[in-house]
Amino acid sequence: MHPDVRSPGGNVSGAAGRADRTEDGATPGQPERPGPAAPARGRGPVVAALMMGMALAALDGTVVSTAVPQIVGDLGGLSVFSWLFSGYLLAVTVTLPVYGKLSDTFGRKPVLIAGIVLFLLGSLLCAVAWSMASLIAFRVVQGLGGGALQGTVQTLAADLYPLKERPRIQARLSTVWATSSVAGPALGGLLAGYADWRWIFLVNLPVGAAALWLVVRHLAEPARDRARAGARVDWPGALAVFGTGTLLLTALVQGGVAWPWLSAPSLALFAGAAVLAAVTVLVERRAAEPIIPGWVWRRRTIAAVNLSLGALGMLMVAPTVFLPTYAQSVLGLGPVAAGFVLSAMTLSWPISAAFSNRVYTRIGFRLTAVTGMTLAVLVLLSFPLLPYPGEPWQPALVMLLLGAALGLFQLPLIVGVQSTVPWSERGTTTASVLFCRQVGQSLGAALFGAVANAVLAGRLAGGDLDDPATLTPTAVDAAVEYVYLGAAAAGALALVVLLTLAPRRFPVLPDDDRAA
């Protein structure tokens, strides 16, 4: 058995199992032991609530996409409808670090309850929106709740299950997330076409209410240390993080879409983000309980996982954003069939993730992730080799293999990094990883969008990129091939980070020190 994984008998072999975590750069000392969040026999209702919460957060990221024509026809605001997606994404991303710290300070349960309530309130307000501006504002409220759902659900999954059982629950959550994300556009189209677009948000209410009841009724958390429970919240730091993230992500999401990259709005947003980032560092250094503690980047394991998951976020833009366009423009498929090509990845990913523990218990977390990403890079490099125009099963097979490879990459890193910190740091650590993945996705969308536009502009020789009639299948095929090469480069970057920055053995804490 590899020395960074606890043996079945309960002993930790090797230096990586020591509670002092000196290999990871942490301060030596015994971590707190708050006790289990729920007994093993009582986990079922809590897990059901987590899965429902994860489904809601994932579903509302994509469910609006196919209902845009009906929404615009009812409310107007075609020129700003993209903020229905951007506003939700921004709110989810920039609040992740804040909720992570709050869950470490006050416990997971109050943060999760607050997130569900905010999400349901935003859903109800969206359903009664009277204009596009009000709908966008209420989508931001939804996102404020969605940020708590995403981070706290992942953290609670680590709290509830010991290391050897954690891949099972994480695979379930991955399945729920992937299925909900893929089903979102289909559900949105059905509700908008056969009922009313407002039902897209109303259907959240019974599901969210059930999840809320299960959490209130069945999630029992232990009493925390009084000094920690009464700690002051770093609200200046929270506002600084929120402001920095908002400006940066707005610049990345809207740059090249709402305005040119080198225009005054883009430059102003990037400059403002840089200034606020400097302010954030100063504020966080002086705070007693910073929202983003310095150890998130000082510890090699956490820093390596942050950067690696950021690269994964960039990589994922290629299949999730550009493959549906390729399937429709090059292969001539309809929207539903194009979605099935992408959904092949969601079949193999959770299966691979569920069996990843059989790999990392033998070779370790880092080597398992390196193996998965190496395979993913090879799969991505195979995409430009597909025949033109080809058959739908060919890119579907590529996606099937890509999902299997990434299942070996993401889950071991998340499980591994959560296992290196005590309960009091797990929320912050998990939120940091998810935040970096979200930022990487926004950066990838901006970067690969610019690459695709440059290729299309060169192939169309001055044609209008905004006119769908000018986008020939050969031009789209060439653009998507370059995007997949860029995704392979992002995967290679993740490999470099893991091989140079991550320790060979993750400094895993014993199960009793990681008990929730």
# chains A, B, ... in the order shown; residues from 1 in each chain; ligands from 1

$ residues_around --residues "A:Trp130" --least-positions-apart "4" --cutoff "12 Å" --atoms "only C-alpha atoms" --output "list in words"
Ile71, Val72, Asp74, Leu75, Gly76, Gly77, Leu125, Cys126, Ser134, Leu135, Ile136, Ala137, Phe138 and Arg198 of chain A

$ residues_around --residues "A:Ala264" --least-positions-apart "6" --cutoff "12 Å" --atoms "only C-alpha atoms" --output "PyMOL selection string"
chain A and resi 251+255+258+270-272

$ write_last_selection --atoms "all heavy atoms" --output "CSV table (one decimal), in the first residue's frame"
chain,number,residue,atom,x,y,z
A,251,ALA,N,-14.3,40.9,-16.7
A,251,ALA,CA,-13.4,41.1,-17.8
A,251,ALA,C,-13.2,39.9,-18.7
A,251,ALA,O,-13.1,40.0,-19.9
A,251,ALA,CB,-12.0,41.6,-17.2
A,255,GLY,N,-15.1,40.2,-22.2
A,255,GLY,CA,-14.0,40.6,-23.1
A,255,GLY,C,-14.1,39.8,-24.4
A,255,GLY,O,-14.2,38.6,-24.4
A,258,ALA,N,-18.8,41.5,-25.4
A,258,ALA,CA,-19.5,42.8,-25.3
A,258,ALA,C,-18.6,43.9,-25.7
A,258,ALA,O,-19.2,45.0,-26.1
A,258,ALA,CB,-19.9,43.0,-23.8
A,270,PHE,N,-9.5,45.0,-16.0
A,270,PHE,CA,-8.3,44.3,-15.6
A,270,PHE,C,-7.4,45.1,-14.7
A,270,PHE,O,-6.8,44.6,-13.7
A,270,PHE,CB,-7.4,43.9,-16.9
A,270,PHE,CG,-7.9,42.7,-17.6
A,270,PHE,CD1,-8.4,42.8,-18.9
A,270,PHE,CD2,-8.0,41.5,-16.9
A,270,PHE,CE1,-8.9,41.7,-19.6
A,270,PHE,CE2,-8.5,40.4,-17.6
A,270,PHE,CZ,-8.9,40.5,-18.9
A,271,ALA,N,-7.3,46.4,-14.9
A,271,ALA,CA,-6.6,47.3,-14.0
A,271,ALA,C,-7.2,47.4,-12.6
A,271,ALA,O,-6.5,47.3,-11.6
A,271,ALA,CB,-6.4,48.7,-14.6
A,272,GLY,N,-8.5,47.5,-12.6
A,272,GLY,CA,-9.2,47.5,-11.3
A,272,GLY,C,-9.1,46.2,-10.6
A,272,GLY,O,-8.9,46.2,-9.3

$ atom_distance --atom1 "atom CA of A:Val275" --atom2 "atom CA of A:Ala446"
21.1 Å

$ closest_residue --among "A:Trp197, A:Phe409, A:Phe506, A:Phe119" --to "A:Gly73" --atoms "only C-alpha atoms"
A:Trp197

$ residues_around --residues "stretch 425-440 of chain A" --least-positions-apart "5" --cutoff "9 Å" --atoms "only C-alpha atoms" --output "PDB file with C-alpha atoms, in the first residue's frame"
ATOM      1  CA  LEU A  89     -21.452  32.216 -12.710  1.00  0.00           C
ATOM      2  CA  VAL A  92     -21.153  31.382  -7.544  1.00  0.00           C
ATOM      3  CA  THR A  93     -17.429  31.811  -8.151  1.00  0.00           C
ATOM      4  CA  VAL A  94     -16.635  34.882  -6.073  1.00  0.00           C
ATOM      5  CA  THR A  95     -18.556  33.631  -3.030  1.00  0.00           C
ATOM      6  CA  LEU A  96     -16.866  30.212  -2.855  1.00  0.00           C
ATOM      7  CA  PRO A  97     -13.889  31.371  -0.720  1.00  0.00           C
ATOM      8  CA  VAL A  98     -16.192  33.323   1.602  1.00  0.00           C
ATOM      9  CA  TYR A  99     -18.507  30.377   2.219  1.00  0.00           C
ATOM     10  CA  GLY A 100     -15.532  28.063   2.681  1.00  0.00           C
ATOM     11  CA  LYS A 101     -14.172  30.195   5.500  1.00  0.00           C
ATOM     12  CA  LEU A 102     -17.604  30.662   7.061  1.00  0.00           C
ATOM     13  CA  SER A 103     -18.185  26.899   7.110  1.00  0.00           C
ATOM     14  CA  ASP A 104     -14.868  26.379   8.902  1.00  0.00           C
ATOM     15  CA  ARG A 108     -21.305  23.431   7.580  1.00  0.00           C
ATOM     16  CA  GLN A 150     -21.264  23.868  -4.361  1.00  0.00           C
ATOM     17  CA  GLY A 151     -18.567  24.361  -1.764  1.00  0.00           C
ATOM     18  CA  THR A 152     -20.394  23.103   1.317  1.00  0.00           C
ATOM     19  CA  GLN A 154     -18.217  18.918  -1.404  1.00  0.00           C
ATOM     20  CA  THR A 155     -16.870  19.660   2.065  1.00  0.00           C
ATOM     21  CA  LEU A 156     -19.628  17.735   3.832  1.00  0.00           C
ATOM     22  CA  ALA A 158     -15.455  14.641   3.012  1.00  0.00           C
ATOM     23  CA  ASP A 159     -16.767  15.140   6.550  1.00  0.00           C
ATOM     24  CA  GLY A 245     -13.285  38.251  -8.397  1.00  0.00           C
ATOM     25  CA  LEU A 248     -11.629  39.810 -13.051  1.00  0.00           C
ATOM     26  CA  LEU A 249     -14.390  37.435 -14.111  1.00  0.00           C
ATOM     27  CA  ILE A 291     -10.968  34.627   4.116  1.00  0.00           C
ATOM     28  CA  ILE A 292      -8.102  33.296   1.973  1.00  0.00           C
ATOM     29  CA  PRO A 293      -5.317  32.364   4.413  1.00  0.00           C
ATOM     30  CA  VAL A 296      -3.620  27.986   0.957  1.00  0.00           C
ATOM     31  CA  ILE A 302      -2.839  22.673  -1.752  1.00  0.00           C
ATOM     32  CA  ALA A 303      -1.084  25.080  -4.123  1.00  0.00           C
ATOM     33  CA  VAL A 305      -4.008  21.070  -6.521  1.00  0.00           C
ATOM     34  CA  ASN A 306      -5.299  24.640  -6.899  1.00  0.00           C
ATOM     35  CA  LEU A 307      -3.224  25.208 -10.026  1.00  0.00           C
ATOM     36  CA  SER A 308      -3.958  21.750 -11.436  1.00  0.00           C
ATOM     37  CA  LEU A 309      -7.718  22.153 -11.029  1.00  0.00           C
ATOM     38  CA  GLY A 310      -7.427  25.619 -12.595  1.00  0.00           C
ATOM     39  CA  ALA A 311      -5.832  23.957 -15.626  1.00  0.00           C
ATOM     40  CA  LEU A 312      -8.652  21.390 -15.617  1.00  0.00           C
ATOM     41  CA  GLY A 313     -11.174  24.227 -15.730  1.00  0.00           C
ATOM     42  CA  MET A 314      -9.432  25.605 -18.819  1.00  0.00           C
ATOM     43  CA  LEU A 315      -9.312  22.183 -20.445  1.00  0.00           C
ATOM     44  CA  ILE A 414      -9.853  16.512  -4.358  1.00  0.00           C
ATOM     45  CA  VAL A 417      -6.095  17.493  -0.628  1.00  0.00           C
ATOM     46  CA  GLN A 418      -9.126  17.222   1.690  1.00  0.00           C
ATOM     47  CA  SER A 419      -7.333  14.418   3.529  1.00  0.00           C
ATOM     48  CA  THR A 420      -4.302  16.594   4.278  1.00  0.00           C
ATOM     49  CA  ALA A 445     -13.456  30.427 -22.285  1.00  0.00           C
ATOM     50  CA  ARG A 514      -9.860  14.379   9.913  1.00  0.00           C
TER      51      ARG A 514
END

$ closest_atom_pairs --of "stretch 49-105 of chain A" --to "stretch 208-211 of chain A" --cutoff "9 Å" --atoms "only C-alpha atoms" --output "tab-separated table"
residue	atom	partner	partner_atom	distance
A:Ala49	CA	A:Ala211	CA	4.4
A:Leu50	CA	A:Ala211	CA	7.4
A:Met51	CA	A:Ala211	CA	8.6
A:Met52	CA	A:Ala211	CA	6.1
A:Gly53	CA	A:Ala211	CA	6.6
A:Leu56	CA	A:Gly208	CA	7.5

$ residues_around --residues "A:Leu400" --least-positions-apart "4" --cutoff "12 Å" --atoms "only C-alpha atoms" --output "list in words"
Pro319, Phe340, Val341, Leu342, Ser343, Ala344, Met345, Thr346, Leu347, Ser348, Trp349, Pro350, Ile351, Ser352, Ala376, Val379, Leu380, Trp393, Gln394, Pro395, Ala396, Ala404, Ala405, Leu406 and Gly407 of chain A

$ write_last_selection --atoms "N, CA and C atoms" --output "compact mmCIF listing (two decimals), in the first residue's frame"
# COMPACT_ATOMS: atom_id res chain seq x y z
N PRO A 319 -14.52 20.63 -24.59
CA PRO A 319 -15.69 19.79 -24.84
C PRO A 319 -17.01 20.45 -24.51
N PHE A 340 -26.01 14.51 -26.90
CA PHE A 340 -25.67 13.11 -26.61
C PHE A 340 -24.19 12.83 -26.90
N VAL A 341 -23.61 13.50 -27.90
CA VAL A 341 -22.18 13.32 -28.17
C VAL A 341 -21.37 13.77 -26.96
N LEU A 342 -21.75 14.91 -26.39
CA LEU A 342 -21.05 15.41 -25.21
C LEU A 342 -21.31 14.54 -24.00
N SER A 343 -22.53 14.00 -23.89
CA SER A 343 -22.90 13.25 -22.68
C SER A 343 -22.13 11.94 -22.53
N ALA A 344 -21.45 11.50 -23.59
CA ALA A 344 -20.64 10.29 -23.47
C ALA A 344 -19.59 10.44 -22.37
N MET A 345 -19.09 11.67 -22.20
CA MET A 345 -18.08 11.92 -21.18
C MET A 345 -18.67 11.73 -19.78
N THR A 346 -19.95 12.05 -19.62
CA THR A 346 -20.57 11.94 -18.31
C THR A 346 -20.86 10.50 -17.92
N LEU A 347 -20.77 9.58 -18.86
CA LEU A 347 -20.96 8.17 -18.55
C LEU A 347 -19.70 7.56 -17.94
N SER A 348 -18.55 7.87 -18.54
CA SER A 348 -17.31 7.24 -18.09
C SER A 348 -16.66 7.95 -16.92
N TRP A 349 -16.88 9.25 -16.78
CA TRP A 349 -16.22 10.02 -15.72
C TRP A 349 -16.55 9.47 -14.33
N PRO A 350 -17.83 9.37 -13.94
CA PRO A 350 -18.11 8.88 -12.58
C PRO A 350 -17.71 7.43 -12.35
N ILE A 351 -17.77 6.62 -13.39
CA ILE A 351 -17.34 5.22 -13.23
C ILE A 351 -15.85 5.16 -12.95
N SER A 352 -15.08 5.92 -13.72
CA SER A 352 -13.64 5.98 -13.51
C SER A 352 -13.32 6.54 -12.13
N ALA A 376 -5.49 11.91 -20.65
CA ALA A 376 -6.37 12.96 -21.16
C ALA A 376 -5.69 13.78 -22.25
N VAL A 379 -5.70 11.82 -25.42
CA VAL A 379 -7.04 11.80 -26.01
C VAL A 379 -7.34 13.13 -26.70
N LEU A 380 -7.00 14.23 -26.06
CA LEU A 380 -7.24 15.55 -26.66
C LEU A 380 -6.44 15.72 -27.95
N TRP A 393 -20.16 8.84 -33.88
CA TRP A 393 -19.59 7.96 -32.86
C TRP A 393 -18.12 8.25 -32.60
N GLN A 394 -17.45 8.88 -33.55
CA GLN A 394 -16.01 9.13 -33.38
C GLN A 394 -15.72 10.18 -32.30
N PRO A 395 -16.31 11.39 -32.38
CA PRO A 395 -16.10 12.30 -31.25
C PRO A 395 -16.74 11.81 -29.95
N ALA A 396 -17.82 11.02 -30.05
CA ALA A 396 -18.42 10.46 -28.84
C ALA A 396 -17.45 9.50 -28.15
N ALA A 404 -13.14 9.06 -18.87
CA ALA A 404 -12.46 8.03 -18.08
C ALA A 404 -11.11 8.54 -17.57
N ALA A 405 -10.40 9.27 -18.41
CA ALA A 405 -9.09 9.79 -18.00
C ALA A 405 -9.23 10.86 -16.91
N LEU A 406 -10.19 11.78 -17.08
CA LEU A 406 -10.33 12.87 -16.12
C LEU A 406 -10.91 12.38 -14.79
N GLY A 407 -11.64 11.26 -14.81
CA GLY A 407 -12.09 10.67 -13.55
C GLY A 407 -10.93 10.23 -12.68

$ closest_residue --among "A:Ala48, A:Ala178, A:Ala157, A:Val207" --to "A:Leu120" --atoms "only C-alpha atoms"
A:Val207

$ residues_around --residues "A:Ala127" --least-positions-apart "5" --cutoff "8 Å" --atoms "only C-alpha atoms" --output "list in words"
Arg198, Trp199, Ile200, Phe201 and Leu202 of chain A

$ write_last_selection --atoms "N, CA, C and O atoms" --output "compact mmCIF listing (two decimals), in the first residue's frame"
# COMPACT_ATOMS: atom_id res chain seq x y z
N ARG A 198 -41.15 30.52 -16.76
CA ARG A 198 -41.07 30.76 -15.32
C ARG A 198 -41.03 29.46 -14.53
O ARG A 198 -40.53 29.43 -13.39
N TRP A 199 -41.53 28.37 -15.10
CA TRP A 199 -41.48 27.08 -14.43
C TRP A 199 -40.06 26.55 -14.31
O TRP A 199 -39.78 25.66 -13.48
N ILE A 200 -39.15 27.07 -15.13
CA ILE A 200 -37.74 26.69 -15.00
C ILE A 200 -37.24 26.96 -13.58
O ILE A 200 -36.44 26.21 -13.02
N PHE A 201 -37.71 28.03 -12.99
CA PHE A 201 -37.29 28.41 -11.64
C PHE A 201 -38.23 27.88 -10.58
O PHE A 201 -37.80 27.59 -9.46
N LEU A 202 -39.51 27.74 -10.90
CA LEU A 202 -40.46 27.24 -9.90
C LEU A 202 -40.21 25.78 -9.53
O LEU A 202 -40.48 25.37 -8.40

$ atom_distance --atom1 "atom CA of A:Met373" --atom2 "atom CA of A:Arg168"
20.7 Å

$ closest_residue --among "A:Ala287, A:Ala55, A:Val47, A:Ile363" --to "A:Ser174" --atoms "only C-alpha atoms"
A:Ala55

$ atom_distance --atom1 "atom CA of A:Gly390" --atom2 "atom CA of A:Ala338"
13.9 Å

$ select_by_dssp --residues "stretch 337-478 of chain A" --states "helix (DSSP H, G or I)" --output "MDAnalysis selection string"
chainID A and resid 337:354 356:363 365:385 393:418 423:460 468:470 473:478

$ residues_around --residues "stretch 476-490 of chain A" --least-positions-apart "2" --cutoff "6 Å" --atoms "only C-alpha atoms" --output "PyMOL selection string"
chain A and resi 311+315+318+377+380+384+448+452+455+473-474+492-493

$ write_last_selection --atoms "all heavy atoms" --output "PDB file, in the first residue's frame"
ATOM      1  N   ALA A 311      -6.113  24.440 -14.272  1.00  0.00           N
ATOM      2  CA  ALA A 311      -5.832  23.957 -15.626  1.00  0.00           C
ATOM      3  C   ALA A 311      -6.948  23.045 -16.124  1.00  0.00           C
ATOM      4  O   ALA A 311      -7.298  23.066 -17.311  1.00  0.00           O
ATOM      5  CB  ALA A 311      -4.485  23.226 -15.647  1.00  0.00           C
ATOM      6  N   LEU A 315      -9.190  23.324 -19.528  1.00  0.00           N
ATOM      7  CA  LEU A 315      -9.312  22.183 -20.445  1.00  0.00           C
ATOM      8  C   LEU A 315     -10.770  21.861 -20.750  1.00  0.00           C
ATOM      9  O   LEU A 315     -11.120  21.551 -21.897  1.00  0.00           O
ATOM     10  CB  LEU A 315      -8.609  20.988 -19.799  1.00  0.00           C
ATOM     11  CG  LEU A 315      -8.559  19.646 -20.489  1.00  0.00           C
ATOM     12  CD1 LEU A 315      -7.365  18.856 -19.957  1.00  0.00           C
ATOM     13  CD2 LEU A 315      -9.819  18.815 -20.268  1.00  0.00           C
ATOM     14  N   ALA A 318     -13.071  23.128 -23.864  1.00  0.00           N
ATOM     15  CA  ALA A 318     -13.075  22.542 -25.213  1.00  0.00           C
ATOM     16  C   ALA A 318     -14.279  21.629 -25.432  1.00  0.00           C
ATOM     17  O   ALA A 318     -15.055  21.847 -26.382  1.00  0.00           O
ATOM     18  CB  ALA A 318     -11.762  21.796 -25.464  1.00  0.00           C
ATOM     19  N   VAL A 377      -4.413  14.101 -22.053  1.00  0.00           N
ATOM     20  CA  VAL A 377      -3.677  14.865 -23.073  1.00  0.00           C
ATOM     21  C   VAL A 377      -3.599  14.078 -24.379  1.00  0.00           C
ATOM     22  O   VAL A 377      -3.790  14.632 -25.471  1.00  0.00           O
ATOM     23  CB  VAL A 377      -2.269  15.218 -22.549  1.00  0.00           C
ATOM     24  CG1 VAL A 377      -1.400  15.781 -23.677  1.00  0.00           C
ATOM     25  CG2 VAL A 377      -2.372  16.234 -21.417  1.00  0.00           C
ATOM     26  N   LEU A 380      -7.005  14.229 -26.061  1.00  0.00           N
ATOM     27  CA  LEU A 380      -7.244  15.547 -26.662  1.00  0.00           C
ATOM     28  C   LEU A 380      -6.443  15.724 -27.949  1.00  0.00           C
ATOM     29  O   LEU A 380      -6.933  16.313 -28.921  1.00  0.00           O
ATOM     30  CB  LEU A 380      -6.892  16.642 -25.655  1.00  0.00           C
ATOM     31  CG  LEU A 380      -7.832  16.772 -24.447  1.00  0.00           C
ATOM     32  CD1 LEU A 380      -7.205  17.656 -23.379  1.00  0.00           C
ATOM     33  CD2 LEU A 380      -9.182  17.340 -24.873  1.00  0.00           C
ATOM     34  N   PRO A 384      -7.841  16.265 -33.309  1.00  0.00           N
ATOM     35  CA  PRO A 384      -7.557  16.788 -34.652  1.00  0.00           C
ATOM     36  C   PRO A 384      -7.298  15.706 -35.697  1.00  0.00           C
ATOM     37  O   PRO A 384      -7.305  15.998 -36.900  1.00  0.00           O
ATOM     38  CB  PRO A 384      -6.295  17.650 -34.440  1.00  0.00           C
ATOM     39  CG  PRO A 384      -6.327  18.008 -32.993  1.00  0.00           C
ATOM     40  CD  PRO A 384      -6.901  16.808 -32.313  1.00  0.00           C
ATOM     41  N   PHE A 448      -9.619  30.446 -25.294  1.00  0.00           N
ATOM     42  CA  PHE A 448      -9.948  29.584 -26.432  1.00  0.00           C
ATOM     43  C   PHE A 448     -10.963  30.241 -27.358  1.00  0.00           C
ATOM     44  O   PHE A 448     -10.982  29.955 -28.558  1.00  0.00           O
ATOM     45  CB  PHE A 448     -10.475  28.242 -25.932  1.00  0.00           C
ATOM     46  CG  PHE A 448      -9.450  27.444 -25.164  1.00  0.00           C
ATOM     47  CD1 PHE A 448      -9.832  26.552 -24.178  1.00  0.00           C
ATOM     48  CD2 PHE A 448      -8.097  27.602 -25.420  1.00  0.00           C
ATOM     49  CE1 PHE A 448      -8.890  25.822 -23.475  1.00  0.00           C
ATOM     50  CE2 PHE A 448      -7.144  26.875 -24.718  1.00  0.00           C
ATOM     51  CZ  PHE A 448      -7.542  25.992 -23.742  1.00  0.00           C
ATOM     52  N   ALA A 452     -10.327  30.542 -31.298  1.00  0.00           N
ATOM     53  CA  ALA A 452     -11.313  30.124 -32.296  1.00  0.00           C
ATOM     54  C   ALA A 452     -11.678  31.271 -33.225  1.00  0.00           C
ATOM     55  O   ALA A 452     -11.778  31.088 -34.456  1.00  0.00           O
ATOM     56  CB  ALA A 452     -12.569  29.596 -31.597  1.00  0.00           C
ATOM     57  N   VAL A 455      -8.847  31.841 -35.756  1.00  0.00           N
ATOM     58  CA  VAL A 455      -8.832  30.824 -36.814  1.00  0.00           C
ATOM     59  C   VAL A 455      -9.982  31.049 -37.791  1.00  0.00           C
ATOM     60  O   VAL A 455      -9.802  30.977 -39.014  1.00  0.00           O
ATOM     61  CB  VAL A 455      -8.908  29.410 -36.202  1.00  0.00           C
ATOM     62  CG1 VAL A 455      -9.022  28.358 -37.301  1.00  0.00           C
ATOM     63  CG2 VAL A 455      -7.677  29.134 -35.346  1.00  0.00           C
ATOM     64  N   PRO A 473     -18.492  24.666 -42.523  1.00  0.00           N
ATOM     65  CA  PRO A 473     -18.084  23.519 -41.696  1.00  0.00           C
ATOM     66  C   PRO A 473     -16.572  23.353 -41.604  1.00  0.00           C
ATOM     67  O   PRO A 473     -16.056  22.991 -40.544  1.00  0.00           O
ATOM     68  CB  PRO A 473     -18.748  22.334 -42.404  1.00  0.00           C
ATOM     69  CG  PRO A 473     -19.930  22.921 -43.085  1.00  0.00           C
ATOM     70  CD  PRO A 473     -19.502  24.292 -43.521  1.00  0.00           C
ATOM     71  N   THR A 474     -15.862  23.610 -42.702  1.00  0.00           N
ATOM     72  CA  THR A 474     -14.398  23.447 -42.658  1.00  0.00           C
ATOM     73  C   THR A 474     -13.756  24.460 -41.730  1.00  0.00           C
ATOM     74  O   THR A 474     -12.786  24.149 -41.030  1.00  0.00           O
ATOM     75  CB  THR A 474     -13.805  23.597 -44.070  1.00  0.00           C
ATOM     76  OG1 THR A 474     -14.231  24.852 -44.627  1.00  0.00           O
ATOM     77  CG2 THR A 474     -14.258  22.455 -44.974  1.00  0.00           C
ATOM     78  N   ALA A 492      -1.134  19.617 -20.278  1.00  0.00           N
ATOM     79  CA  ALA A 492       0.311  19.510 -20.078  1.00  0.00           C
ATOM     80  C   ALA A 492       0.782  20.428 -18.954  1.00  0.00           C
ATOM     81  O   ALA A 492       1.681  20.078 -18.175  1.00  0.00           O
ATOM     82  CB  ALA A 492       1.042  19.841 -21.377  1.00  0.00           C
ATOM     83  N   LEU A 493       0.156  21.604 -18.856  1.00  0.00           N
ATOM     84  CA  LEU A 493       0.488  22.522 -17.770  1.00  0.00           C
ATOM     85  C   LEU A 493       0.160  21.902 -16.415  1.00  0.00           C
ATOM     86  O   LEU A 493       0.940  22.023 -15.455  1.00  0.00           O
ATOM     87  CB  LEU A 493      -0.281  23.833 -17.955  1.00  0.00           C
ATOM     88  CG  LEU A 493      -0.098  24.896 -16.858  1.00  0.00           C
ATOM     89  CD1 LEU A 493       1.358  25.339 -16.781  1.00  0.00           C
ATOM     90  CD2 LEU A 493      -1.012  26.095 -17.127  1.00  0.00           C
TER      91      LEU A 493
END

$ residues_around --residues "A:Leu501" --least-positions-apart "2" --cutoff "10 Å" --atoms "only C-alpha atoms" --output "list in words"
Arg299, Arg300, Thr301, Ile302, Ala303, Ala304, Val305, Leu307, Leu495, Val496, Val497, Leu498, Leu499, Pro503 and Arg504 of chain A
